[in-house]
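Worksheet for the structure shown next.
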Amino acid sequence: MATSGTVKTNTKYGSYFWVKWEISGSQDIAGNKTTISWSCGLSPGEQYYTNAIKMGAVVINGQTVYSGGTYSDITDYKDRTFASGTLDIAHNNDGSKTFTVSAFSGWLYGNGDYTASAESFALPAIPRAATIASAPNFTDVDNPAIAYANPAGSAVSALDVCISLTGSASDIAYRAVSTSGGSYTFQLTNAERAVLRNNTTLTRKVVFLLRTKIGSTYYYDTAERTFTVTNNAATRPSEAIAVAPVSALSAPFNGLYIQGRTQAKITHTASGKFGATIKQYSASVEGKAYSGKTATSDALQTPGVLTITGTATDSRGFSTTASKPVTVLAYNTPSVVRNGTTGSFVCARSTSDGTISEDGTALCVACAKSFSPLANNNKCTLRLRYAAEGGGWSSWITLLAESSGNDYAGVVPGVTLSVSVVYTIEIQAVDKLGESGSVETRIPTSEMTFHLGENGKAVGIGRYASESGERRLDVAWDAHFEKGLQVSGATTLGGNLTGKYLTGTWLQTTEASDLGKTPPKVAVLDNAGWVYYRTPAELRADLGYGDYVLEQGTSGIWTYRKWASGAAECWGQPSKSVASSGTFLGAYAFSTYFSLPTGLFASVAEANVNPKFGSGYAIPAYINLTNASIGVDALSNNSGTQTFSAHISVKGKWK
């Protein structure tokens, strides 16, 4: 930058013509111009007389400031100024300016012509736009502060700052700032934060705009920064769930939550905020997870107040959980129990007045019905039917109607029992859900020491002989055989068989009520057909297994196995929302880690990972494996925030 200068012609015999300039006073910042003082003349190396000197016109910045002239009698060898003055030079809009002293010429008697080439000079720039010294990256909960400088000072008529999403529009409105320079902190309103947040991704580029007004002209300085949306109450999605009972029951039970009979239908109503969209719905019922915007649970098993939760996750990975309590009514299948007044269960022969008698022909019953009231919506009927030995069932006889109480005691009307016939009695409690529970008892004949049936084909000891027409022996007393007992046909036992040994070709069991239990021992047969018990450890030793699975199960999304040898393995497909960390080898790089099953591995040996982003597979770049987690770096053609999942298997040791 130049504040003064001199342009000279060529020199002959010590003489040359010149043009000089310098800045006059201070520059006019408001007017965006510089005033220079100029002069032109001769530096004589000889003496010159009448009309011996001529100087041509002088042009500065395109303007003729001196038209030229003829001069005489310069004999003192001192510089002679022919003309001088001042000139206003306007600067460019950005405050810069370069001006030119055009070529000029002169003539001296006896020496001939003198010439000077054009020369250009750059004036000091006049301050125009204020500048941003520093500006931060910031989040949606911050109030960002900038530092700025205003070299133009009081020449600035207005100075303000805004935040732009495009680099030009004032999306976050201009605020006036001090022309003295310093710093300014944006106090963002909720509406302004909403403008910044309204983006489908976690981050976006924003531009701080500092606007300077000098006169009627505006000047701008910018700083581009990164704005980040954070996980907070204002940005998380909205979520609400509606829960409705689902069952095949009729009204009013289809509107109730009944233990073991009713499922819960969960419907999510969720929406993302500020441009985000809902990507995933999940619900939790009694510890089990269900996905989808609408989901139906398994039958509810826990009576009482049950809290059902629903979670919505948006495209930014932000989640909101809502809950809804429902009351699950306890339900058990109806049953026949002891009479609540007498504390007894009776089903026996009696006289007509209800006196228990082995020779009675009436039927006396004392019992009660037990059922679940289901908030007083459920009712229960107690009924009875009977069948003579070898015959069919009678019609049902109602003992207690739905609204007739729970206890019954008395002689069953309309039932007459033959003293010589065995009867089966079924007493049943049935509720309005259609569920029932029954008790069956046998009513023996009247007691008799020995009885030969009238057809001569049946014998009864301790009871009357059967009248069914079968060739059969019925014994109603305990039988003791001092010698052996040989049975050629099938044998049916109504109770336990007790003894030292059980020998034979086949052993068959039919009782299935204990299936699903985990016994501490198992039964095995040796080559001689003897039955022994063995513990699971003894059985494995007998069979000569090498390695075997000691424990297996699930832990979160993982399936795992522990082997007796100490080997351990797990596999699964974890996933999470991950933002790209940049580019590498022309692809987008992603990095994350997944937790392994807690406490499974004492050491890890190897892992196999097949990563994917969304529905597309990716290239694994690096795997970092520890006892507790596995870190995965992968490359993908997808940018931004993606759902990072991987098929992973890990092997190692649990001991």
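Naming scheme: A, B, ... for chains in displayed order of the structure tokens; residues 1 onward per chain; ligands 1 onward as shown.
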
- request: Write out as a ChimeraX atom specification the residues lying within 9 Å of stretch 364-371 of chain A, counting only C-alpha atoms and excluding same-chain residues fewer than 3 positions away.
  value: /A:331-340,342-352,354-356,378-382,400,405-412,428-431

With stretch 28-36 of chain A as the partner and 12 Å as the cut-off, tabulate the residues of stretch 173-230 of chain A that qualify, each row holding the nearest pair of atoms and their distance in Å to one decimal, using only C-alpha atoms, sorted by chain and rising number, as a tab-separated table.
```
residue	atom	partner	partner_atom	distance
A:Lys213	CA	A:Ala30	CA	10.3
A:Ile214	CA	A:Ala30	CA	6.5
A:Gly215	CA	A:Ala30	CA	6.7
A:Ser216	CA	A:Ala30	CA	10.2
A:Thr217	CA	A:Ala30	CA	10.5
```

Would you output that residue set with N, CA and C atoms, as a CSV table (one decimal), in the first residue's frame?
```
chain,number,residue,atom,x,y,z
A,213,LYS,N,-23.7,-1.6,7.4
A,213,LYS,CA,-24.3,-0.6,6.5
A,213,LYS,C,-23.5,0.7,6.7
A,214,ILE,N,-22.9,1.1,5.5
A,214,ILE,CA,-22.2,2.4,5.5
A,214,ILE,C,-22.8,3.2,4.4
A,215,GLY,N,-23.4,4.3,4.8
A,215,GLY,CA,-24.2,5.1,3.9
A,215,GLY,C,-25.4,4.3,3.5
A,216,SER,N,-25.6,4.1,2.2
A,216,SER,CA,-26.7,3.3,1.7
A,216,SER,C,-26.3,1.9,1.2
A,217,THR,N,-25.1,1.5,1.5
A,217,THR,CA,-24.5,0.3,1.0
A,217,THR,C,-24.3,-0.7,2.1
```

message: Under the rule that only C-alpha atoms are counted, which of A:Thr100, A:Thr302, A:Ser105, A:Thr498 is the nearest residue to A:Gly68?
response: A:Ser105

message: So that I can check the surroundings of stretch 634-639 of chain A, please list as a PyMOL selection string every protein, DNA and RNA residue that reaches within 6 Å of it, counting only C-alpha atoms and ignoring chain neighbours fewer than 6 positions away.
response: chain A and resi 587-590+618-621

Let me see the file: selected residues, N, CA and C atoms, as an mmCIF file, in the first residue's frame.
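Now in result-v3.cif:
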```
data_model
loop_
_atom_site.group_PDB
_atom_site.id
_atom_site.type_symbol
_atom_site.label_atom_id
_atom_site.label_comp_id
_atom_site.auth_asym_id
_atom_site.auth_seq_id
_atom_site.Cartn_x
_atom_site.Cartn_y
_atom_site.Cartn_z
ATOM 1 N N ALA A 587 -15.884 -44.285 0.389
ATOM 2 C CA ALA A 587 -17.132 -44.747 0.996
ATOM 3 C C ALA A 587 -17.334 -44.039 2.320
ATOM 4 N N TYR A 588 -18.544 -44.173 2.869
ATOM 5 C CA TYR A 588 -18.859 -43.555 4.149
ATOM 6 C C TYR A 588 -18.481 -44.508 5.280
ATOM 7 N N ALA A 589 -17.791 -43.991 6.266
ATOM 8 C CA ALA A 589 -17.301 -44.810 7.379
ATOM 9 C C ALA A 589 -18.272 -44.731 8.558
ATOM 10 N N PHE A 590 -18.527 -45.887 9.173
ATOM 11 C CA PHE A 590 -19.370 -45.974 10.360
ATOM 12 C C PHE A 590 -18.641 -46.792 11.420
ATOM 13 N N ALA A 618 -22.792 -54.109 4.056
ATOM 14 C CA ALA A 618 -21.651 -53.204 4.046
ATOM 15 C C ALA A 618 -20.360 -54.012 4.100
ATOM 16 N N ILE A 619 -19.239 -53.295 4.000
ATOM 17 C CA ILE A 619 -17.930 -53.942 4.028
ATOM 18 C C ILE A 619 -17.331 -53.770 5.412
ATOM 19 N N PRO A 620 -17.065 -54.882 6.148
ATOM 20 C CA PRO A 620 -16.409 -54.728 7.455
ATOM 21 C C PRO A 620 -14.968 -54.275 7.264
ATOM 22 N N ALA A 621 -14.561 -53.282 8.053
ATOM 23 C CA ALA A 621 -13.219 -52.745 7.924
ATOM 24 C C ALA A 621 -12.328 -53.093 9.111
#
```

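Distance check against A:Asn610 using only C-alpha atoms: of A:Leu497, A:Gly572, A:Pro597, A:Ser581, the minimum falls on A:Gly572.
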
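Nearest-residue note for A:Thr641: choosing from A:Asn624, A:Ser24, A:Ser591, A:Ser238, the minimum distance belongs to A:Ser591, counting only C-alpha atoms.
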
message: Report, in Å with one decimal, the straight-line distance from atom CA of A:Asn92 to atom CA of A:Pro151.
response: 16.9 Å

message: Could you list, as a ChimeraX atom specification, every residue within 6 Å of A:Thr309, counting only C-alpha atoms and ignoring same-chain residues fewer than 5 positions away?
response: /A:283-284,322-323

Could you dump the residues just selected with C-alpha atoms as a PDB file, in the first residue's frame?
```pdb
ATOM      1  CA  ALA A 283     -44.273 -52.506  23.230  1.00  0.00           C
ATOM      2  CA  SER A 284     -43.506 -54.428  26.398  1.00  0.00           C
ATOM      3  CA  ALA A 322     -45.679 -44.076  27.049  1.00  0.00           C
ATOM      4  CA  SER A 323     -47.454 -46.403  29.449  1.00  0.00           C
TER       5      SER A 323
END
```

Selection: 7 Å around A:Gly275, only C-alpha atoms, excl. self and same-chain fewer than 3 positions, as JSON, numbers by chain: {"A": [198, 199, 200, 272]}

Selected residues written out with C-alpha atoms, as a PDB file, in the first residue's frame:
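Okay, this is what ended up in result24.pdb:
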```
ATOM      1  CA  ASN A 198     -36.642 -28.641  11.346  1.00  0.00           C
ATOM      2  CA  ASN A 199     -34.352 -31.085   9.579  1.00  0.00           C
ATOM      3  CA  THR A 200     -34.474 -34.842   8.985  1.00  0.00           C
ATOM      4  CA  GLY A 272     -41.628 -37.224  14.870  1.00  0.00           C
TER       5      GLY A 272
END
```
